[in-house]
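Here is the file input_5.txt (compact mmCIF, N, CA and C atoms).
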# COMPACT_ATOMS: atom_id res chain seq x y z
N MET A 890 24.69 22.17 -10.54
CA MET A 890 25.10 22.18 -9.14
C MET A 890 23.90 22.02 -8.21
N GLU A 891 22.80 22.65 -8.59
CA GLU A 891 21.60 22.55 -7.75
C GLU A 891 21.10 21.11 -7.68
N ILE A 892 21.22 20.37 -8.79
CA ILE A 892 20.75 18.99 -8.80
C ILE A 892 21.55 18.15 -7.81
N LEU A 893 22.83 18.46 -7.62
CA LEU A 893 23.63 17.72 -6.65
C LEU A 893 23.14 17.98 -5.22
N LYS A 894 22.75 19.21 -4.96
CA LYS A 894 22.19 19.53 -3.64
C LYS A 894 20.88 18.76 -3.42
N ILE A 895 20.05 18.72 -4.46
CA ILE A 895 18.77 18.01 -4.35
C ILE A 895 19.01 16.52 -4.14
N LEU A 896 19.96 15.96 -4.87
CA LEU A 896 20.30 14.53 -4.69
C LEU A 896 20.85 14.27 -3.30
N LEU A 897 21.65 15.19 -2.77
CA LEU A 897 22.18 15.03 -1.41
C LEU A 897 21.06 15.05 -0.38
N VAL A 898 20.15 15.99 -0.51
CA VAL A 898 19.00 16.04 0.40
C VAL A 898 18.18 14.77 0.28
N THR A 899 17.97 14.31 -0.95
CA THR A 899 17.23 13.07 -1.18
C THR A 899 17.89 11.91 -0.46
N ALA A 900 19.20 11.78 -0.61
CA ALA A 900 19.94 10.68 0.03
C ALA A 900 19.84 10.75 1.54
N VAL A 901 19.98 11.95 2.10
CA VAL A 901 19.90 12.11 3.56
C VAL A 901 18.51 11.73 4.07
N VAL A 902 17.47 12.20 3.40
CA VAL A 902 16.11 11.88 3.81
C VAL A 902 15.84 10.39 3.66
N PHE A 903 16.28 9.80 2.56
CA PHE A 903 16.08 8.38 2.31
C PHE A 903 16.80 7.53 3.35
N ILE A 904 18.05 7.85 3.63
CA ILE A 904 18.82 7.10 4.63
C ILE A 904 18.21 7.28 6.02
N GLY A 905 17.80 8.51 6.33
CA GLY A 905 17.15 8.74 7.63
C GLY A 905 15.88 7.92 7.78
N GLY A 906 15.06 7.89 6.74
CA GLY A 906 13.84 7.08 6.78
C GLY A 906 14.15 5.60 6.88
N SER A 907 15.18 5.16 6.18
CA SER A 907 15.57 3.75 6.26
C SER A 907 16.00 3.37 7.67
N LEU A 908 16.78 4.22 8.30
CA LEU A 908 17.20 3.95 9.68
C LEU A 908 16.01 3.97 10.63
N TRP A 909 15.13 4.94 10.44
CA TRP A 909 13.95 5.08 11.30
C TRP A 909 13.09 3.81 11.27
N PHE A 910 12.85 3.29 10.06
CA PHE A 910 11.95 2.14 9.93
C PHE A 910 12.67 0.80 9.92
N SER A 911 13.98 0.79 10.14
CA SER A 911 14.67 -0.50 10.23
C SER A 911 15.32 -0.64 11.60
N LYS A 912 16.36 0.10 11.82
CA LYS A 912 17.14 -0.07 13.06
C LYS A 912 16.38 0.43 14.30
N LEU A 913 15.72 1.56 14.20
CA LEU A 913 15.09 2.14 15.38
C LEU A 913 13.73 1.51 15.71
N PHE A 914 12.85 1.46 14.73
CA PHE A 914 11.49 1.01 15.00
C PHE A 914 11.01 -0.10 14.07
N GLY A 915 11.92 -0.72 13.34
CA GLY A 915 11.54 -1.71 12.35
C GLY A 915 10.76 -2.90 12.89
N ARG A 916 11.23 -3.47 13.98
CA ARG A 916 10.56 -4.66 14.53
C ARG A 916 9.14 -4.35 15.00
N ILE A 917 8.98 -3.28 15.74
CA ILE A 917 7.65 -2.95 16.23
C ILE A 917 6.74 -2.53 15.08
N TRP A 918 7.30 -1.84 14.08
CA TRP A 918 6.51 -1.45 12.91
C TRP A 918 5.95 -2.68 12.21
N MET A 919 6.81 -3.69 12.03
CA MET A 919 6.37 -4.92 11.38
C MET A 919 5.32 -5.64 12.22
N LYS A 920 5.49 -5.65 13.52
CA LYS A 920 4.49 -6.30 14.38
C LYS A 920 3.15 -5.59 14.32
N ILE A 921 3.19 -4.28 14.33
CA ILE A 921 1.95 -3.51 14.32
C ILE A 921 1.22 -3.65 12.99
N HIS A 922 1.96 -3.57 11.89
CA HIS A 922 1.32 -3.45 10.59
C HIS A 922 1.28 -4.69 9.73
N HIS A 923 2.27 -5.57 9.84
CA HIS A 923 2.36 -6.59 8.82
C HIS A 923 2.47 -8.02 9.33
N ASN A 924 3.29 -8.26 10.27
CA ASN A 924 3.73 -9.62 10.54
C ASN A 924 3.39 -10.10 11.95
N LYS A 925 2.18 -9.93 12.35
CA LYS A 925 1.80 -10.31 13.71
C LYS A 925 2.01 -11.79 13.97
N ASP A 926 1.70 -12.63 12.99
CA ASP A 926 1.79 -14.06 13.20
C ASP A 926 2.79 -14.74 12.26
N LYS A 927 3.64 -13.99 11.60
CA LYS A 927 4.56 -14.58 10.64
C LYS A 927 5.85 -15.04 11.31
N THR A 928 6.39 -16.11 10.78
CA THR A 928 7.68 -16.61 11.26
C THR A 928 8.79 -15.80 10.61
N GLN A 929 10.00 -15.95 11.12
CA GLN A 929 11.15 -15.25 10.55
C GLN A 929 11.36 -15.65 9.09
N GLU A 930 11.13 -16.92 8.78
CA GLU A 930 11.29 -17.39 7.40
C GLU A 930 10.27 -16.72 6.46
N GLU A 931 9.04 -16.58 6.94
CA GLU A 931 8.02 -15.92 6.13
C GLU A 931 8.35 -14.45 5.90
N ILE A 932 8.88 -13.79 6.92
CA ILE A 932 9.28 -12.39 6.80
C ILE A 932 10.40 -12.25 5.77
N GLU A 933 11.39 -13.15 5.84
CA GLU A 933 12.51 -13.10 4.90
C GLU A 933 12.02 -13.35 3.46
N LYS A 934 11.07 -14.24 3.30
CA LYS A 934 10.50 -14.51 1.97
C LYS A 934 9.80 -13.25 1.43
N ASP A 935 9.06 -12.57 2.30
CA ASP A 935 8.37 -11.34 1.90
C ASP A 935 9.35 -10.23 1.51
N MET A 936 10.55 -10.26 2.08
CA MET A 936 11.54 -9.21 1.83
C MET A 936 12.26 -9.38 0.50
N LYS A 937 12.19 -10.56 -0.11
CA LYS A 937 12.87 -10.79 -1.38
C LYS A 937 12.28 -9.88 -2.45
N GLY A 938 13.16 -9.29 -3.23
CA GLY A 938 12.72 -8.39 -4.30
C GLY A 938 12.37 -6.99 -3.83
N ASN A 939 12.63 -6.68 -2.57
CA ASN A 939 12.28 -5.35 -2.06
C ASN A 939 13.16 -4.24 -2.61
N TRP A 940 14.23 -4.60 -3.32
CA TRP A 940 15.08 -3.56 -3.90
C TRP A 940 14.29 -2.71 -4.89
N LYS A 941 13.31 -3.32 -5.56
CA LYS A 941 12.48 -2.56 -6.50
C LYS A 941 11.65 -1.52 -5.76
N LEU A 942 11.12 -1.93 -4.61
CA LEU A 942 10.33 -1.00 -3.80
C LEU A 942 11.22 0.11 -3.24
N MET A 943 12.43 -0.26 -2.82
CA MET A 943 13.35 0.73 -2.27
C MET A 943 13.78 1.73 -3.36
N LEU A 944 14.01 1.25 -4.56
CA LEU A 944 14.37 2.14 -5.66
C LEU A 944 13.21 3.10 -5.97
N THR A 945 12.00 2.56 -5.98
CA THR A 945 10.82 3.40 -6.19
C THR A 945 10.71 4.44 -5.09
N GLU A 946 10.93 4.04 -3.87
CA GLU A 946 10.87 4.98 -2.74
C GLU A 946 11.93 6.07 -2.87
N PHE A 947 13.13 5.71 -3.33
CA PHE A 947 14.18 6.71 -3.53
C PHE A 947 13.76 7.73 -4.60
N VAL A 948 13.20 7.25 -5.69
CA VAL A 948 12.74 8.15 -6.76
C VAL A 948 11.64 9.07 -6.24
N LEU A 949 10.73 8.53 -5.45
CA LEU A 949 9.65 9.35 -4.89
C LEU A 949 10.21 10.40 -3.94
N THR A 950 11.20 10.04 -3.15
CA THR A 950 11.84 11.00 -2.25
C THR A 950 12.52 12.10 -3.06
N PHE A 951 13.16 11.72 -4.17
CA PHE A 951 13.77 12.72 -5.06
C PHE A 951 12.71 13.67 -5.61
N VAL A 952 11.58 13.16 -6.04
CA VAL A 952 10.51 14.00 -6.59
C VAL A 952 10.02 14.99 -5.52
N MET A 953 9.87 14.53 -4.29
CA MET A 953 9.43 15.44 -3.22
C MET A 953 10.49 16.50 -2.95
N SER A 954 11.76 16.13 -2.93
CA SER A 954 12.84 17.10 -2.71
C SER A 954 12.89 18.12 -3.83
N LEU A 955 12.74 17.66 -5.06
CA LEU A 955 12.75 18.55 -6.22
C LEU A 955 11.57 19.52 -6.16
N THR A 956 10.42 19.03 -5.78
CA THR A 956 9.23 19.88 -5.66
C THR A 956 9.45 20.98 -4.63
N LEU A 957 9.96 20.61 -3.47
CA LEU A 957 10.22 21.61 -2.43
C LEU A 957 11.27 22.62 -2.88
N PHE A 958 12.27 22.17 -3.63
CA PHE A 958 13.28 23.08 -4.16
C PHE A 958 12.65 24.12 -5.09
N PHE A 959 11.80 23.66 -6.01
CA PHE A 959 11.16 24.60 -6.94
C PHE A 959 10.26 25.59 -6.22
N ILE A 960 9.51 25.12 -5.25
CA ILE A 960 8.63 26.02 -4.51
C ILE A 960 9.45 27.03 -3.72
N ALA A 961 10.52 26.58 -3.09
CA ALA A 961 11.35 27.48 -2.29
C ALA A 961 12.06 28.53 -3.15
N ASN A 962 12.31 28.23 -4.41
CA ASN A 962 13.04 29.14 -5.28
C ASN A 962 12.15 29.90 -6.27
N ALA A 963 10.86 29.92 -6.03
CA ALA A 963 9.96 30.68 -6.90
C ALA A 963 10.28 32.17 -6.77
N SER A 964 10.25 32.89 -7.89
CA SER A 964 10.71 34.28 -7.89
C SER A 964 9.68 35.27 -7.35
N ASP A 965 8.42 34.99 -7.48
CA ASP A 965 7.42 35.90 -6.94
C ASP A 965 6.18 35.11 -6.52
N ILE A 966 5.23 35.80 -5.95
CA ILE A 966 4.04 35.14 -5.41
C ILE A 966 3.24 34.44 -6.50
N LEU A 967 3.06 35.08 -7.64
CA LEU A 967 2.30 34.46 -8.74
C LEU A 967 3.02 33.21 -9.24
N SER A 968 4.30 33.32 -9.41
CA SER A 968 5.08 32.17 -9.85
C SER A 968 4.97 31.03 -8.84
N ALA A 969 5.07 31.36 -7.57
CA ALA A 969 4.96 30.35 -6.53
C ALA A 969 3.58 29.70 -6.52
N ALA A 970 2.54 30.50 -6.69
CA ALA A 970 1.18 29.95 -6.69
C ALA A 970 0.96 29.04 -7.87
N LEU A 971 1.39 29.46 -9.06
CA LEU A 971 1.24 28.62 -10.24
C LEU A 971 2.04 27.33 -10.12
N MET A 972 3.25 27.46 -9.64
CA MET A 972 4.09 26.29 -9.50
C MET A 972 3.51 25.34 -8.45
N ALA A 973 3.07 25.89 -7.34
CA ALA A 973 2.53 25.05 -6.27
C ALA A 973 1.28 24.31 -6.72
N THR A 974 0.38 25.01 -7.39
CA THR A 974 -0.85 24.35 -7.81
C THR A 974 -0.62 23.32 -8.91
N SER A 975 0.39 23.54 -9.73
CA SER A 975 0.62 22.60 -10.83
C SER A 975 1.42 21.37 -10.42
N ILE A 976 2.28 21.49 -9.41
CA ILE A 976 3.13 20.34 -9.07
C ILE A 976 2.99 19.83 -7.64
N LEU A 977 2.23 20.52 -6.81
CA LEU A 977 2.11 20.08 -5.43
C LEU A 977 1.54 18.68 -5.32
N TRP A 978 0.49 18.42 -6.04
CA TRP A 978 -0.10 17.08 -5.98
C TRP A 978 0.86 16.05 -6.55
N LEU A 979 1.44 16.36 -7.70
CA LEU A 979 2.34 15.41 -8.35
C LEU A 979 3.61 15.19 -7.53
N GLY A 980 4.11 16.24 -6.92
CA GLY A 980 5.40 16.15 -6.23
C GLY A 980 5.34 15.75 -4.77
N LEU A 981 4.21 15.94 -4.11
CA LEU A 981 4.13 15.61 -2.69
C LEU A 981 3.04 14.60 -2.36
N VAL A 982 1.85 14.84 -2.84
CA VAL A 982 0.73 13.97 -2.50
C VAL A 982 0.87 12.60 -3.16
N LEU A 983 1.11 12.57 -4.46
CA LEU A 983 1.22 11.29 -5.16
C LEU A 983 2.35 10.41 -4.61
N PRO A 984 3.56 10.95 -4.38
CA PRO A 984 4.60 10.10 -3.79
C PRO A 984 4.22 9.55 -2.41
N THR A 985 3.51 10.35 -1.62
CA THR A 985 3.07 9.88 -0.31
C THR A 985 2.06 8.75 -0.44
N ILE A 986 1.15 8.89 -1.37
CA ILE A 986 0.15 7.84 -1.61
C ILE A 986 0.84 6.56 -2.05
N ILE A 987 1.78 6.68 -2.98
CA ILE A 987 2.49 5.50 -3.48
C ILE A 987 3.29 4.84 -2.35
N SER A 988 3.94 5.64 -1.52
CA SER A 988 4.67 5.08 -0.37
C SER A 988 3.75 4.32 0.57
N ASN A 989 2.58 4.88 0.82
CA ASN A 989 1.62 4.21 1.69
C ASN A 989 1.19 2.86 1.11
N VAL A 990 1.02 2.80 -0.19
CA VAL A 990 0.65 1.53 -0.82
C VAL A 990 1.81 0.55 -0.76
N ILE A 991 3.02 1.04 -1.08
CA ILE A 991 4.19 0.15 -1.08
C ILE A 991 4.43 -0.47 0.29
N TRP A 992 4.34 0.35 1.33
CA TRP A 992 4.67 -0.13 2.68
C TRP A 992 3.44 -0.45 3.51
N GLY A 993 2.27 -0.46 2.90
CA GLY A 993 1.03 -0.67 3.64
C GLY A 993 0.65 -2.12 3.89
N GLY A 994 1.47 -3.04 3.44
CA GLY A 994 1.18 -4.45 3.70
C GLY A 994 0.21 -5.08 2.73
N ASP A 995 -0.06 -4.39 1.64
CA ASP A 995 -0.97 -4.93 0.63
C ASP A 995 -0.28 -6.04 -0.14
N ASP A 996 -1.07 -6.92 -0.71
CA ASP A 996 -0.55 -7.95 -1.58
C ASP A 996 0.10 -7.28 -2.79
N LYS A 997 1.31 -7.69 -3.13
CA LYS A 997 2.07 -7.03 -4.20
C LYS A 997 1.34 -7.07 -5.55
N LYS A 998 0.52 -8.07 -5.78
CA LYS A 998 -0.16 -8.15 -7.07
C LYS A 998 -1.20 -7.04 -7.26
N TRP A 999 -1.62 -6.38 -6.17
CA TRP A 999 -2.62 -5.32 -6.25
C TRP A 999 -2.03 -3.91 -6.18
N MET A 1000 -0.73 -3.80 -5.96
CA MET A 1000 -0.14 -2.47 -5.71
C MET A 1000 -0.35 -1.50 -6.86
N VAL A 1001 -0.05 -1.92 -8.09
CA VAL A 1001 -0.16 -0.99 -9.23
C VAL A 1001 -1.60 -0.55 -9.42
N LYS A 1002 -2.53 -1.48 -9.30
CA LYS A 1002 -3.95 -1.13 -9.46
C LYS A 1002 -4.40 -0.18 -8.36
N LYS A 1003 -3.94 -0.43 -7.14
CA LYS A 1003 -4.34 0.44 -6.03
C LYS A 1003 -3.78 1.86 -6.22
N ILE A 1004 -2.55 1.96 -6.69
CA ILE A 1004 -1.96 3.27 -6.96
C ILE A 1004 -2.73 3.98 -8.07
N ALA A 1005 -3.07 3.25 -9.12
CA ALA A 1005 -3.79 3.85 -10.25
C ALA A 1005 -5.17 4.36 -9.81
N ILE A 1006 -5.81 3.64 -8.92
CA ILE A 1006 -7.13 4.07 -8.44
C ILE A 1006 -6.98 5.30 -7.58

Have the structure of the file written as structure tokens, please.
Amino acid sequence: MEILKILLVTAVVFIGGSLWFSKLFGRIWMKIHHNKDKTQEEIEKDMKGNWKLMLTEFVLTFVMSLTLFFIANASDILSAALMATSILWLGLVLPTIISNVIWGGDDKKWMVKKIAI
């Protein structure tokens, strides 16, 4: 039952982020970060295959939600400290880094190497 709650939170956060960076601020975000001089056709070409990036982003959002769930449900201070130190980087920092690489406008051929570094 708890996993359903975590998946629901993940979906809400993911959908909220999608709306934020598409409908609300998508055009200005693209102008600022990626497509200052690109035509609409070039933008559409760049968007092909983005389902893989979106799926990765959903998984990363799930990992962050799961991490926060475990931290919030720790039974005592020692348990919370051990859990936080062991999964905080993996559950929060790493997904944020990967998201920054995915949406940072880098050439797709370098993404995996940049994440690994």

Exercise. For Ile960 in chain A, which residue out of A:Met972, A:Leu944, A:Val901, A:Leu908 is the nearest one, using all atoms listed in the file?
Worked result: A:Met972

Exercise. A:Thr928, A:Thr956, A:Thr950, A:Ser988: which is nearest Ile976 in chain A, counting only C-alpha atoms?
Worked result: A:Thr956

For this session: Pick out each residue of chain A that DSSP on the backbone tags as helix (DSSP H, G or I); I need them as a ChimeraX atom specification.
Result: /A:891-913,915-922,929-936,939-961,966-991,997-1005

For this session: Could you jot down the CA of Thr945 in chain A to CA of Trp978 in chain A separation for me, Å, one decimal place?
Result: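 Interatomic distance here is 17.5 Å.
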
For this session: Please indicate the distance in Å from atom N of Leu949 in chain A to atom N of Ile966 in chain A, rounded to one decimal place.
Result: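 Spanning atom N of Leu949 in chain A to atom N of Ile966 in chain A is a straight-line distance of 27.8 Å.
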
Exercise. For Leu957 in chain A, which of A:Ile932, A:Ile895, A:Met890, A:Leu942 is the closest residue, counting only C-alpha atoms?
Worked result: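 Among the listed residues, the smallest separation from Leu957 in chain A belongs to A:Ile895.
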
For this session: Between CA of Glu891 in chain A and CA of Phe947 in chain A, measure the distance and give it in Å to one decimal.
Result: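 Going from CA of Glu891 in chain A over to CA of Phe947 in chain A, I get 18.0 Å.
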